[in-house]
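Q: Here you go, target23.cif (mmCIF, C-alpha atoms and all ligand atoms):
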data_final
loop_
_atom_site.label_atom_id
_atom_site.label_comp_id
_atom_site.auth_asym_id
_atom_site.auth_seq_id
_atom_site.Cartn_x
_atom_site.Cartn_y
_atom_site.Cartn_z
CA MET A 918 -141.59 -2.54 -211.26
CA PRO A 919 -144.89 -1.81 -209.57
CA CYS A 920 -146.64 -4.66 -207.81
CA TYR A 921 -150.36 -4.53 -207.15
CA LEU A 922 -152.49 -5.57 -204.24
CA THR A 923 -156.00 -6.87 -204.65
CA TYR A 924 -158.44 -9.05 -202.71
CA THR A 925 -160.67 -12.06 -203.10
CA ASN A 926 -164.36 -11.48 -202.33
CA ALA A 927 -167.58 -13.31 -201.49
CA GLU A 928 -168.05 -14.44 -205.09
CA THR A 929 -164.50 -15.86 -205.22
CA HIS A 930 -165.16 -17.75 -202.00
CA ARG A 931 -168.50 -19.05 -203.29
CA ILE A 932 -166.82 -20.58 -206.36
CA ILE A 933 -164.12 -22.14 -204.18
CA ASN A 934 -166.63 -23.58 -201.73
CA GLU A 935 -168.77 -25.01 -204.53
CA ASN A 936 -165.78 -26.77 -206.06
CA LEU A 937 -164.02 -28.01 -202.97
CA ASP A 938 -165.00 -31.56 -203.83
CA ARG A 939 -162.72 -31.24 -206.88
CA SER A 940 -159.67 -30.25 -204.84
CA PRO A 941 -157.19 -33.12 -204.35
CA LEU A 942 -156.42 -31.64 -200.93
CA VAL A 943 -160.02 -32.20 -199.89
CA THR A 944 -160.65 -35.45 -201.74
CA GLY A 945 -157.56 -36.93 -200.11
CA ASP A 946 -155.48 -37.42 -203.27
CA VAL A 947 -152.95 -35.08 -201.68
CA VAL A 948 -152.57 -36.13 -198.06
CA GLY A 949 -149.56 -34.10 -196.94
CA VAL A 950 -149.96 -31.02 -194.80
CA GLY A 951 -148.59 -28.02 -196.68
CA PRO A 952 -146.31 -25.47 -195.08
CA ARG A 953 -148.44 -23.49 -192.66
CA TYR A 954 -147.07 -20.15 -193.82
CA CYS A 955 -148.32 -20.43 -197.40
CA PRO A 956 -151.63 -22.29 -197.39
CA SER A 957 -153.55 -22.63 -200.65
CA ILE A 958 -156.43 -20.27 -201.31
CA GLU A 959 -158.93 -23.11 -200.82
CA THR A 960 -157.31 -23.94 -197.47
CA LYS A 961 -157.54 -20.29 -196.44
CA VAL A 962 -161.20 -20.09 -197.42
CA MET A 963 -161.97 -23.28 -195.47
CA ARG A 964 -159.80 -22.57 -192.45
CA PHE A 965 -160.66 -18.92 -192.06
CA ALA A 966 -164.33 -19.08 -193.02
CA ASP A 967 -165.05 -15.88 -191.06
CA LYS A 968 -162.80 -13.77 -193.32
CA ASP A 969 -164.65 -12.15 -196.17
CA ARG A 970 -161.52 -11.49 -198.23
CA HIS A 971 -157.88 -12.56 -198.62
CA GLN A 972 -155.16 -10.37 -200.03
CA ILE A 973 -153.38 -11.14 -203.25
CA PHE A 974 -150.12 -9.61 -204.46
CA MET A 975 -149.61 -9.35 -208.20
CA GLU A 976 -145.90 -9.46 -208.93
CA PRO A 977 -144.51 -9.00 -212.46
CA GLU A 978 -142.31 -11.98 -213.40
CA GLY A 979 -139.78 -9.84 -215.27
CA LEU A 980 -139.08 -6.72 -217.31
CA HIS A 981 -139.75 -8.34 -220.67
CA THR A 982 -142.85 -10.39 -220.01
CA ARG A 983 -146.46 -9.64 -219.24
CA GLU A 984 -146.58 -12.64 -216.96
CA VAL A 985 -147.58 -11.88 -213.41
CA TYR A 986 -147.04 -14.15 -210.39
CA VAL A 987 -150.17 -14.16 -208.28
CA GLN A 988 -148.92 -14.44 -204.74
CA GLY A 989 -151.42 -15.73 -202.20
CA MET A 990 -153.43 -17.78 -204.71
CA SER A 991 -151.60 -21.08 -204.57
CA SER A 992 -154.13 -23.76 -205.37
CA CYS A 993 -154.69 -27.26 -206.65
CA LEU A 994 -158.24 -26.71 -207.88
CA PRO A 995 -158.84 -27.70 -211.52
CA GLU A 996 -157.88 -25.11 -214.10
CA ASP A 997 -161.46 -24.18 -215.12
CA VAL A 998 -162.22 -23.37 -211.47
CA GLN A 999 -159.03 -21.35 -211.14
CA ILE A 1000 -159.94 -19.25 -214.20
CA ALA A 1001 -163.47 -18.69 -212.91
CA LEU A 1002 -162.33 -17.57 -209.50
CA TYR A 1003 -159.63 -15.26 -210.83
CA GLN A 1004 -162.23 -13.54 -212.98
CA THR A 1005 -164.15 -12.54 -209.85
CA VAL A 1006 -161.23 -10.57 -208.45
CA GLU A 1007 -161.05 -6.82 -208.98
CA GLY A 1008 -158.34 -6.04 -211.53
CA MET A 1009 -158.23 -9.60 -212.87
CA GLU A 1010 -161.57 -9.72 -214.69
CA ASN A 1011 -159.85 -10.18 -218.08
CA VAL A 1012 -157.10 -12.48 -216.86
CA ARG A 1013 -155.44 -14.87 -219.34
CA PHE A 1014 -153.66 -17.92 -217.95
CA MET A 1015 -150.12 -18.78 -219.00
CA ARG A 1016 -149.69 -21.51 -216.38
CA SER A 1017 -152.11 -22.68 -213.74
CA ALA A 1018 -151.32 -23.34 -210.10
CA TYR A 1019 -150.66 -26.91 -209.01
CA ALA A 1020 -149.94 -28.80 -205.82
CA ILE A 1021 -146.86 -30.85 -205.21
CA GLU A 1022 -145.99 -33.49 -202.67
CA TYR A 1023 -142.47 -34.55 -201.80
CA ASP A 1024 -141.22 -37.77 -200.31
CA CYS A 1025 -138.73 -37.60 -197.51
CA ILE A 1026 -136.86 -39.94 -195.23
CA HIS A 1027 -137.47 -40.05 -191.49
CA PRO A 1028 -134.78 -37.68 -190.26
CA THR A 1029 -134.91 -39.52 -186.93
CA SER A 1030 -132.94 -42.20 -188.76
CA LEU A 1031 -129.94 -39.86 -188.84
CA TYR A 1032 -127.23 -39.05 -186.34
CA ALA A 1033 -126.51 -35.43 -185.48
CA THR A 1034 -123.72 -35.64 -188.06
CA LEU A 1035 -126.47 -36.23 -190.67
CA GLN A 1036 -125.07 -39.70 -191.31
CA SER A 1037 -127.58 -42.49 -191.69
CA LYS A 1038 -127.82 -44.72 -188.63
CA ASP A 1039 -128.32 -47.70 -190.90
CA ILE A 1040 -125.80 -47.14 -193.68
CA HIS A 1041 -122.34 -46.07 -192.65
CA GLY A 1042 -120.93 -43.33 -194.87
CA LEU A 1043 -124.31 -42.22 -196.26
CA TYR A 1044 -125.26 -38.65 -195.39
CA PHE A 1045 -128.55 -36.85 -195.95
CA ALA A 1046 -129.17 -33.12 -196.28
CA GLY A 1047 -131.94 -30.80 -197.36
CA GLN A 1048 -135.47 -31.34 -198.48
CA ILE A 1049 -135.08 -35.11 -198.37
CA ASN A 1050 -134.88 -34.67 -194.57
CA GLY A 1051 -138.31 -33.06 -194.48
CA THR A 1052 -137.17 -29.46 -194.33
CA SER A 1053 -138.19 -26.68 -196.66
CA GLY A 1054 -136.11 -23.71 -197.70
CA TYR A 1055 -132.89 -22.64 -199.31
CA GLU A 1056 -131.01 -21.89 -196.11
CA GLU A 1057 -132.22 -25.04 -194.40
CA ALA A 1058 -130.97 -27.13 -197.33
CA GLY A 1059 -127.71 -25.20 -197.64
CA ALA A 1060 -126.94 -25.43 -193.93
CA GLN A 1061 -127.47 -29.17 -193.80
CA GLY A 1062 -125.49 -29.67 -196.99
CA LEU A 1063 -122.58 -27.85 -195.41
CA LEU A 1064 -122.68 -29.95 -192.26
CA ALA A 1065 -123.21 -33.25 -194.08
CA GLY A 1066 -120.38 -32.38 -196.46
CA ILE A 1067 -118.04 -31.49 -193.61
CA ASN A 1068 -118.81 -34.73 -191.85
CA ALA A 1069 -118.45 -36.85 -194.96
CA GLY A 1070 -115.04 -35.22 -195.47
CA LEU A 1071 -113.98 -35.70 -191.84
CA SER A 1072 -115.10 -39.31 -191.93
CA LEU A 1073 -112.98 -40.02 -195.02
CA GLN A 1074 -110.00 -38.45 -193.28
CA GLY A 1075 -110.62 -40.62 -190.23
CA LYS A 1076 -111.24 -37.56 -188.05
CA GLU A 1077 -113.78 -36.90 -185.28
CA PRO A 1078 -117.17 -35.80 -186.64
CA LEU A 1079 -118.53 -32.27 -186.23
CA VAL A 1080 -121.71 -31.79 -184.23
CA LEU A 1081 -122.89 -28.24 -183.60
CA ASP A 1082 -125.05 -27.87 -180.52
CA ARG A 1083 -128.09 -25.69 -179.91
CA SER A 1084 -126.06 -22.97 -178.21
CA GLN A 1085 -123.48 -22.70 -180.99
CA ALA A 1086 -125.40 -22.26 -184.19
CA TYR A 1087 -128.82 -22.30 -185.82
CA ILE A 1088 -127.53 -25.32 -187.75
CA GLY A 1089 -127.28 -27.04 -184.37
CA VAL A 1090 -130.89 -26.16 -183.53
CA LEU A 1091 -132.14 -27.29 -186.92
CA VAL A 1092 -130.36 -30.65 -186.89
CA ASP A 1093 -131.26 -31.34 -183.27
CA ASP A 1094 -134.93 -30.58 -184.01
CA ILE A 1095 -135.25 -32.74 -187.10
CA ILE A 1096 -133.38 -35.79 -185.79
CA ASN A 1097 -135.36 -35.90 -182.58
CA GLU A 1098 -138.89 -35.56 -183.81
CA ASP A 1099 -140.51 -36.77 -187.00
CA ALA A 1100 -142.03 -33.63 -188.44
CA THR A 1101 -145.63 -33.76 -189.56
CA GLU A 1102 -145.16 -30.80 -191.87
CA PRO A 1103 -142.23 -29.27 -193.75
CA TYR A 1104 -139.74 -27.99 -191.20
CA ARG A 1105 -138.55 -24.40 -191.37
CA MET A 1106 -135.86 -22.83 -189.28
CA MET A 1107 -137.38 -20.01 -187.26
CA THR A 1108 -135.37 -17.93 -184.85
CA SER A 1109 -138.07 -18.64 -182.25
CA ARG A 1110 -137.05 -22.32 -182.25
CA ALA A 1111 -133.71 -21.41 -180.64
CA GLU A 1112 -133.58 -21.04 -176.87
CA TYR A 1113 -130.23 -19.20 -176.88
CA ARG A 1114 -131.14 -16.44 -179.29
CA LEU A 1115 -129.11 -13.88 -177.39
CA LEU A 1116 -125.94 -15.81 -178.24
CA LEU A 1117 -126.88 -16.83 -181.76
CA ARG A 1118 -126.43 -13.38 -183.22
CA GLN A 1119 -125.48 -12.34 -186.70
CA ASP A 1120 -122.78 -9.97 -185.41
CA ASN A 1121 -120.92 -12.77 -183.61
CA ALA A 1122 -121.34 -15.51 -186.22
CA ASP A 1123 -117.62 -15.32 -187.02
CA LEU A 1124 -116.65 -15.44 -183.35
CA ARG A 1125 -118.81 -18.52 -182.87
CA LEU A 1126 -117.97 -20.42 -186.01
CA THR A 1127 -114.71 -19.32 -187.64
CA PRO A 1128 -112.52 -21.37 -185.25
CA ILE A 1129 -114.63 -24.44 -186.01
CA GLY A 1130 -114.44 -23.73 -189.74
CA HIS A 1131 -110.66 -23.44 -189.46
CA GLU A 1132 -110.39 -26.66 -187.54
CA VAL A 1133 -112.35 -28.66 -190.09
CA GLY A 1134 -110.26 -27.20 -192.89
CA LEU A 1135 -112.74 -24.81 -194.48
CA ILE A 1136 -111.17 -21.53 -193.34
CA SER A 1137 -107.76 -20.62 -194.75
CA ASP A 1138 -104.91 -19.74 -192.39
CA GLU A 1139 -104.91 -16.24 -193.83
CA ARG A 1140 -108.56 -15.65 -193.03
CA TYR A 1141 -108.13 -17.24 -189.64
CA LYS A 1142 -105.26 -14.89 -188.87
CA ALA A 1143 -107.44 -11.89 -189.78
CA PHE A 1144 -110.14 -13.28 -187.54
CA LEU A 1145 -107.78 -13.71 -184.58
CA TYR A 1146 -106.60 -10.14 -185.08
CA LYS A 1147 -110.19 -8.87 -184.96
CA LYS A 1148 -110.89 -10.93 -181.84
CA GLU A 1149 -107.82 -9.53 -180.15
CA GLN A 1150 -108.76 -5.97 -181.07
CA ILE A 1151 -112.21 -6.46 -179.53
CA LYS A 1152 -110.63 -7.74 -176.33
CA ILE A 1153 -108.13 -4.90 -176.11
CA GLU A 1154 -110.74 -2.23 -176.77
CA LYS A 1155 -113.12 -3.66 -174.15
CA GLU A 1156 -110.34 -3.64 -171.58
CA ARG A 1157 -109.35 -0.10 -172.54
CA LEU A 1158 -112.94 1.15 -172.16
CA ALA A 1159 -113.13 -0.38 -168.69
CA GLY A 1160 -110.25 1.91 -167.76
CA VAL A 1161 -111.56 5.13 -169.35
CA MET A 1162 -112.99 7.15 -166.47
CA VAL A 1163 -115.73 9.62 -167.42
CA LYS A 1164 -115.77 12.49 -164.93
CA PRO A 1165 -118.93 14.34 -163.89
CA THR A 1166 -117.93 17.69 -165.41
CA LYS A 1167 -120.60 20.20 -166.40
CA GLU A 1168 -119.81 19.69 -170.07
CA THR A 1169 -120.14 15.90 -169.81
CA ASN A 1170 -123.36 16.09 -167.80
CA ASP A 1171 -124.91 18.58 -170.24
CA TYR A 1172 -124.06 16.17 -173.03
CA LEU A 1173 -125.56 13.20 -171.16
CA ILE A 1174 -128.76 15.18 -170.50
CA SER A 1175 -128.94 16.14 -174.18
CA LEU A 1176 -128.85 12.41 -175.01
CA GLY A 1177 -131.79 11.87 -172.66
CA THR A 1178 -129.90 10.08 -169.89
CA THR A 1179 -129.17 11.05 -166.28
CA PRO A 1180 -126.09 13.13 -165.41
CA LEU A 1181 -123.19 11.58 -163.45
CA GLU A 1182 -122.65 12.23 -159.74
CA SER A 1183 -119.26 10.60 -159.64
CA GLY A 1184 -116.79 9.22 -162.16
CA MET A 1185 -117.85 6.13 -164.11
CA PRO A 1186 -115.90 3.83 -166.46
CA LEU A 1187 -117.01 4.33 -170.05
CA ALA A 1188 -117.56 0.57 -170.33
CA GLN A 1189 -120.22 0.97 -167.63
CA LEU A 1190 -121.76 4.05 -169.19
CA LEU A 1191 -122.12 2.21 -172.48
CA LYS A 1192 -124.68 -0.10 -170.87
CA ARG A 1193 -127.19 2.76 -170.87
CA PRO A 1194 -129.58 2.49 -173.80
CA GLN A 1195 -128.99 6.10 -174.85
CA ILE A 1196 -125.20 5.78 -175.02
CA THR A 1197 -123.58 4.15 -178.01
CA TYR A 1198 -119.98 3.56 -178.95
CA ALA A 1199 -120.36 6.18 -181.69
CA ASN A 1200 -122.02 8.93 -179.63
CA SER A 1201 -119.61 8.48 -176.73
CA ALA A 1202 -116.54 9.39 -178.81
CA CYS A 1203 -116.43 12.93 -177.36
CA LEU A 1204 -116.15 11.44 -173.84
CA ASP A 1205 -113.16 9.37 -174.93
CA PRO A 1206 -110.36 11.60 -176.23
CA GLU A 1207 -107.83 8.79 -176.74
CA ARG A 1208 -110.08 6.51 -178.71
CA PRO A 1209 -108.17 4.46 -181.31
CA ALA A 1210 -109.35 4.29 -184.92
CA LEU A 1211 -110.97 0.86 -185.23
CA ARG A 1212 -112.83 -0.81 -188.05
CA LYS A 1213 -116.62 -0.76 -187.74
CA PRO A 1214 -117.08 -4.55 -187.26
CA VAL A 1215 -114.69 -4.30 -184.29
CA TRP A 1216 -116.23 -1.34 -182.48
CA GLU A 1217 -119.75 -2.51 -183.25
CA GLU A 1218 -118.99 -5.84 -181.56
CA VAL A 1219 -117.38 -4.05 -178.61
CA GLY A 1220 -120.53 -1.93 -178.22
CA ILE A 1221 -122.85 -4.96 -178.37
CA GLN A 1222 -120.80 -7.06 -175.95
CA LEU A 1223 -120.62 -4.27 -173.39
CA LYS A 1224 -124.23 -3.16 -173.63
CA TYR A 1225 -125.73 -6.63 -173.27
CA GLN A 1226 -123.03 -8.10 -171.03
CA GLY A 1227 -125.40 -8.86 -168.13
CA TYR A 1228 -127.93 -10.68 -170.30
CA ILE A 1229 -125.23 -12.47 -172.27
CA GLU A 1230 -123.57 -13.73 -169.07
CA LYS A 1231 -126.91 -15.01 -167.81
CA GLN A 1232 -127.46 -16.93 -171.01
CA ILE A 1233 -123.92 -18.33 -170.96
CA ALA A 1234 -124.67 -19.69 -167.46
CA GLN A 1235 -127.79 -21.39 -168.85
CA VAL A 1236 -125.71 -22.84 -171.68
CA GLU A 1237 -123.25 -24.27 -169.18
CA GLN A 1238 -126.11 -26.06 -167.43
CA PHE A 1239 -127.28 -27.34 -170.80
CA LYS A 1240 -123.76 -28.51 -171.71
CA LYS A 1241 -123.47 -30.53 -168.50
CA MET A 1242 -126.58 -32.42 -169.52
CA GLU A 1243 -125.49 -32.56 -173.14
CA ASN A 1244 -122.07 -33.93 -172.26
CA ARG A 1245 -123.47 -36.89 -170.38
CA ARG A 1246 -123.01 -39.35 -173.24
CA LEU A 1247 -125.34 -42.28 -173.83
CA PRO A 1248 -124.01 -45.49 -175.36
CA VAL A 1249 -125.39 -45.89 -178.90
CA ASP A 1250 -126.02 -49.60 -178.27
CA LEU A 1251 -127.82 -49.08 -174.97
CA ASP A 1252 -130.64 -51.63 -174.62
CA TYR A 1253 -133.46 -49.43 -173.34
CA SER A 1254 -135.85 -52.37 -173.03
CA ALA A 1255 -133.52 -53.81 -170.37
CA ILE A 1256 -133.91 -50.75 -168.14
CA ASP A 1257 -136.33 -51.40 -165.31
CA GLY A 1258 -138.88 -48.68 -164.69
CA LEU A 1259 -138.56 -47.00 -168.07
CA ARG A 1260 -142.00 -46.34 -169.56
CA LEU A 1261 -142.85 -48.24 -172.73
CA GLU A 1262 -143.30 -45.08 -174.79
CA ALA A 1263 -139.86 -43.87 -173.73
CA VAL A 1264 -138.32 -47.27 -174.55
CA GLU A 1265 -139.84 -47.13 -178.03
CA LYS A 1266 -138.77 -43.56 -178.74
CA LEU A 1267 -135.28 -43.97 -177.31
CA SER A 1268 -134.69 -47.25 -179.14
CA ALA A 1269 -135.79 -45.68 -182.41
CA ILE A 1270 -133.81 -42.46 -182.08
CA ARG A 1271 -130.84 -43.75 -180.07
CA PRO A 1272 -129.77 -40.35 -178.73
CA LEU A 1273 -126.07 -39.67 -178.24
CA SER A 1274 -126.47 -37.71 -175.00
CA MET A 1275 -128.83 -37.14 -172.09
CA GLY A 1276 -129.41 -33.67 -173.52
CA GLN A 1277 -130.60 -35.08 -176.81
CA ALA A 1278 -132.73 -37.66 -174.99
CA SER A 1279 -134.41 -34.89 -172.99
CA ARG A 1280 -135.63 -33.23 -176.18
CA ILE A 1281 -137.35 -36.31 -177.59
CA SER A 1282 -141.07 -35.92 -177.27
CA GLY A 1283 -142.45 -38.73 -175.14
CA VAL A 1284 -139.35 -38.90 -172.94
CA SER A 1285 -140.04 -37.36 -169.54
CA PRO A 1286 -137.64 -36.03 -166.88
CA ALA A 1287 -138.56 -39.09 -164.79
CA ASP A 1288 -137.41 -41.36 -167.63
CA LEU A 1289 -134.11 -39.50 -167.71
CA THR A 1290 -133.62 -40.10 -164.01
CA VAL A 1291 -134.30 -43.81 -164.49
CA ILE A 1292 -131.66 -43.96 -167.27
CA HIS A 1293 -129.21 -41.99 -165.16
CA VAL A 1294 -129.60 -44.33 -162.19
CA TYR A 1295 -129.30 -47.38 -164.46
CA LEU A 1296 -126.08 -46.12 -166.05
CA GLU A 1297 -124.62 -45.12 -162.68
CA ASN A 1298 -125.34 -48.58 -161.26
CA LYS A 1299 -123.84 -50.21 -164.31
CA ARG A 1300 -120.74 -48.02 -164.03
CA LYS A 1301 -120.35 -48.77 -160.31
CA LYS A 1302 -120.79 -52.48 -160.93
CA ALA A 1303 -118.19 -52.41 -163.71
CA SER A 1304 -115.64 -50.56 -161.60
CA HIS A 1305 -116.37 -52.96 -158.72
CA GLU A 1306 -115.71 -55.96 -160.91
CA SER A 1307 -112.49 -54.53 -162.26
C1 LIG A 1401 -141.74 -23.14 -206.61
C2 LIG A 1401 -140.88 -23.16 -205.36
C3 LIG A 1401 -140.60 -21.99 -204.70
C4 LIG A 1401 -139.79 -21.99 -203.56
N1 LIG A 1401 -139.53 -20.82 -202.95
C5 LIG A 1401 -138.70 -20.79 -201.90
C6 LIG A 1401 -138.35 -19.56 -201.29
O1 LIG A 1401 -138.79 -18.48 -201.70
N2 LIG A 1401 -137.50 -19.57 -200.23
C7 LIG A 1401 -136.97 -20.73 -199.76
O2 LIG A 1401 -136.19 -20.67 -198.82
N3 LIG A 1401 -137.29 -21.92 -200.30
C8 LIG A 1401 -138.14 -21.99 -201.37
N4 LIG A 1401 -138.46 -23.20 -201.93
C9 LIG A 1401 -137.94 -24.45 -201.33
C10 LIG A 1401 -136.49 -24.71 -201.74
O3 LIG A 1401 -136.34 -24.53 -203.12
C11 LIG A 1401 -136.11 -26.16 -201.43
O4 LIG A 1401 -136.48 -26.50 -200.11
C12 LIG A 1401 -134.60 -26.36 -201.55
O5 LIG A 1401 -134.16 -25.93 -202.81
C13 LIG A 1401 -134.26 -27.83 -201.39
O6 LIG A 1401 -132.89 -28.02 -201.66
P1 LIG A 1401 -132.29 -29.47 -201.75
O7 LIG A 1401 -130.86 -29.30 -202.09
O8 LIG A 1401 -132.64 -30.25 -200.55
O9 LIG A 1401 -133.09 -30.17 -202.94
P2 LIG A 1401 -133.11 -29.78 -204.47
O10 LIG A 1401 -132.78 -28.35 -204.69
O11 LIG A 1401 -134.39 -30.32 -204.99
O12 LIG A 1401 -131.88 -30.62 -205.03
C14 LIG A 1401 -131.95 -31.99 -205.27
C15 LIG A 1401 -131.11 -32.25 -206.54
O13 LIG A 1401 -130.95 -33.64 -206.71
C16 LIG A 1401 -131.08 -33.91 -208.09
N5 LIG A 1401 -131.45 -35.34 -208.19
C17 LIG A 1401 -132.62 -35.93 -207.91
N6 LIG A 1401 -132.55 -37.24 -208.15
C18 LIG A 1401 -131.30 -37.49 -208.57
C19 LIG A 1401 -130.61 -38.66 -208.96
N7 LIG A 1401 -131.20 -39.87 -208.96
N8 LIG A 1401 -129.33 -38.57 -209.35
C20 LIG A 1401 -128.71 -37.35 -209.34
N9 LIG A 1401 -129.31 -36.22 -208.98
C21 LIG A 1401 -130.58 -36.28 -208.60
C22 LIG A 1401 -132.15 -32.97 -208.55
O14 LIG A 1401 -132.10 -32.80 -209.94
C23 LIG A 1401 -131.79 -31.71 -207.79
O15 LIG A 1401 -130.86 -30.93 -208.48
C24 LIG A 1401 -139.27 -23.22 -203.08
C25 LIG A 1401 -139.56 -24.41 -203.75
C26 LIG A 1401 -140.35 -24.40 -204.88
C27 LIG A 1401 -140.65 -25.69 -205.61
#
Can I see the file as structure tokens?

A:
Amino acid sequence: MPCYLTYTNAETHRIINENLDRSPLVTGDVVGVGPRYCPSIETKVMRFADKDRHQIFMEPEGLHTREVYVQGMSSCLPEDVQIALYQTVEGMENVRFMRSAYAIEYDCIHPTSLYATLQSKDIHGLYFAGQINGTSGYEEAGAQGLLAGINAGLSLQGKEPLVLDRSQAYIGVLVDDIINEDATEPYRMMTSRAEYRLLLRQDNADLRLTPIGHEVGLISDERYKAFLYKKEQIKIEKERLAGVMVKPTKETNDYLISLGTTPLESGMPLAQLLKRPQITYANSACLDPERPALRKPVWEEVGIQLKYQGYIEKQIAQVEQFKKMENRRLPVDLDYSAIDGLRLEAVEKLSAIRPLSMGQASRISGVSPADLTVIHVYLENKRKKASHES
């Protein structure tokens, strides 16, 4: 179905500006900040006053209706103003309204009142997930629902809870972000929020998470067996490629030149050659006469792991540093106000959030590295004193 693109113009903007005092966003009846990636048309006209037009997509709602969704024109202006401003837009002069745009506001809890398991700090056994935690989006809600559900189940079985950390999964990033800082606008999971993006790849999602899924009882033994087989095949193929020596024959070098890479002067393991941007697992088949027939997900993973090995190892080293910090647990009942030298702001934030680890504490806004040192020294002294007494 064709979609159409059109634009607002000076006349549209004039009508909006003249009626701003009737917008609940401006009058203060709606106080929430909307998601920054889909501001209303009146917000766009106010915020980007230098722009003389804004684009509008007209998307048919279905095959059997004449209704069109007007993307880019979200608004909470009164209906008569909406009709007037639509009529100024090229292609919409004769518009008829089936439903007008409206603004919504949601209530949410303070997600800082949750543990990383998504269990309420105040009410044992109560878990929160999704929009009620101040996030927006299908995946955000689904991901939290999964984690909260897993933890509710584990808790009923009397098992250890599941916490995913920032280096393991986007779910870990999301939960860590929302429980450590009260969002002032709907939270969305962006890849740019993750510091270990090189590890949090789509291709290795099963390698990262299937063992965890199996452990918590969500992955069947059959699927887990298939997974272990794939993992083993990846390992074997990587080891094999490290032993395949590519010799600098004329034929090989001509081929390398044709791929736009430099010829070889001496023999090189294929695993090494695969690090070159121009060489892929697929186009190196002719250099590898004994290559086994593998399934695509296996050889694709082999190719990725070999090509980016250096960068991946660097990031793994960073993760290890992070884990050291993360693993330094903090007692949940720690009385921060009793710690000498801790700044008041840090005491307030730490007492409210009650982080489970030094790592989590370090990500709370208002808690400085100096505060962390003070806590560390305090806990060390306490530990020494306790071991002295015993
Ligand atoms: C018009 C619109 C378009 C959107 N477009 C997108 C999009 O393109 N992409 C995207 O990622 N996200 C989009 N979102 C956001 C996304 O839909 C939500 O963030 C997500 O669905 C929230 O899921 P949730 O499970 O937290 O809440 P909900 O899906 O709201 O689920 C809450 C459920 O609880 C039920 N409930 C409420 N009170 C009670 C009660 N007392 N007892 C029992 N049940 C109760 C409700 O009926 C509802 O079924 C859109 C939202 C809207 C409104």

Q: Put a box with edges along x, y and z around all the listed atoms of ligand LIG 1401 (chain A), pad it by 4 Å on each side, then give me its centre and sizes in Å, one decimal, as JSON.

A:
{"center_x": -135.2, "center_y": -29.2, "center_z": -204.4, "size_x": 21.0, "size_y": 29.4, "size_z": 19.1}

Q: Quick one: residues within 9 Å of Pro1272 of chain A, only C-alpha atoms counted, chain neighbours fewer than 6 positions away excluded, as a list in words?

A: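 Neighbouring residues, sequence-local ones excluded: Tyr1032, Ala1033, Asn1097, Arg1246, Leu1247, Pro1248, Val1249, Ala1278 and Ile1281 of chain A.
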
Q: How would you write, as an MDAnalysis selection string, the set of residues no farther than 6 Å from ligand LIG 1401 (chain A) when counting all atoms listed in the file?

A: chainID A and resid 1047:1049 1053:1056 1058

Q: I'd like the neighbourhood of segment 1001-1016 of chain A as a compact mmCIF listing (two decimals) with C-alpha atoms, keeping the file's coordinate frame, where a residue qualifies if any of its atoms comes within 9 Å (using only C-alpha atoms), though same-chain residues fewer than 2 positions away should be ignored.

A:
# COMPACT_ATOMS: atom_id res chain seq x y z
CA THR A 923 -156.00 -6.87 -204.65
CA TYR A 924 -158.44 -9.05 -202.71
CA THR A 925 -160.67 -12.06 -203.10
CA ASN A 926 -164.36 -11.48 -202.33
CA GLU A 928 -168.05 -14.44 -205.09
CA THR A 929 -164.50 -15.86 -205.22
CA HIS A 930 -165.16 -17.75 -202.00
CA ARG A 931 -168.50 -19.05 -203.29
CA ILE A 932 -166.82 -20.58 -206.36
CA ILE A 933 -164.12 -22.14 -204.18
CA GLU A 984 -146.58 -12.64 -216.96
CA GLU A 996 -157.88 -25.11 -214.10
CA ASP A 997 -161.46 -24.18 -215.12
CA VAL A 998 -162.22 -23.37 -211.47
CA GLN A 999 -159.03 -21.35 -211.14
CA ALA A 1018 -151.32 -23.34 -210.10

Q: Find the residues near Gly1134 of chain A: any atom within 12 Å, counting all atoms listed in the file, skip ones fewer than 4 places away on the same chain, and give them as JSON, numbers by chain.

A: {"A": [1066, 1067, 1068, 1070, 1071, 1074, 1076, 1079, 1127, 1128, 1129, 1130, 1138, 1140, 1141]}

Q: Write a file of the just-selected residues containing C-alpha atoms, as a PDB file, in the frame of the given file.

A:
ATOM      1  CA  GLY A1066    -120.380 -32.380-196.460  1.00  0.00           C
ATOM      2  CA  ILE A1067    -118.040 -31.490-193.610  1.00  0.00           C
ATOM      3  CA  ASN A1068    -118.810 -34.730-191.850  1.00  0.00           C
ATOM      4  CA  GLY A1070    -115.040 -35.220-195.470  1.00  0.00           C
ATOM      5  CA  LEU A1071    -113.980 -35.700-191.840  1.00  0.00           C
ATOM      6  CA  GLN A1074    -110.000 -38.450-193.280  1.00  0.00           C
ATOM      7  CA  LYS A1076    -111.240 -37.560-188.050  1.00  0.00           C
ATOM      8  CA  LEU A1079    -118.530 -32.270-186.230  1.00  0.00           C
ATOM      9  CA  THR A1127    -114.710 -19.320-187.640  1.00  0.00           C
ATOM     10  CA  PRO A1128    -112.520 -21.370-185.250  1.00  0.00           C
ATOM     11  CA  ILE A1129    -114.630 -24.440-186.010  1.00  0.00           C
ATOM     12  CA  GLY A1130    -114.440 -23.730-189.740  1.00  0.00           C
ATOM     13  CA  ASP A1138    -104.910 -19.740-192.390  1.00  0.00           C
ATOM     14  CA  ARG A1140    -108.560 -15.650-193.030  1.00  0.00           C
ATOM     15  CA  TYR A1141    -108.130 -17.240-189.640  1.00  0.00           C
TER      16      TYR A1141
END
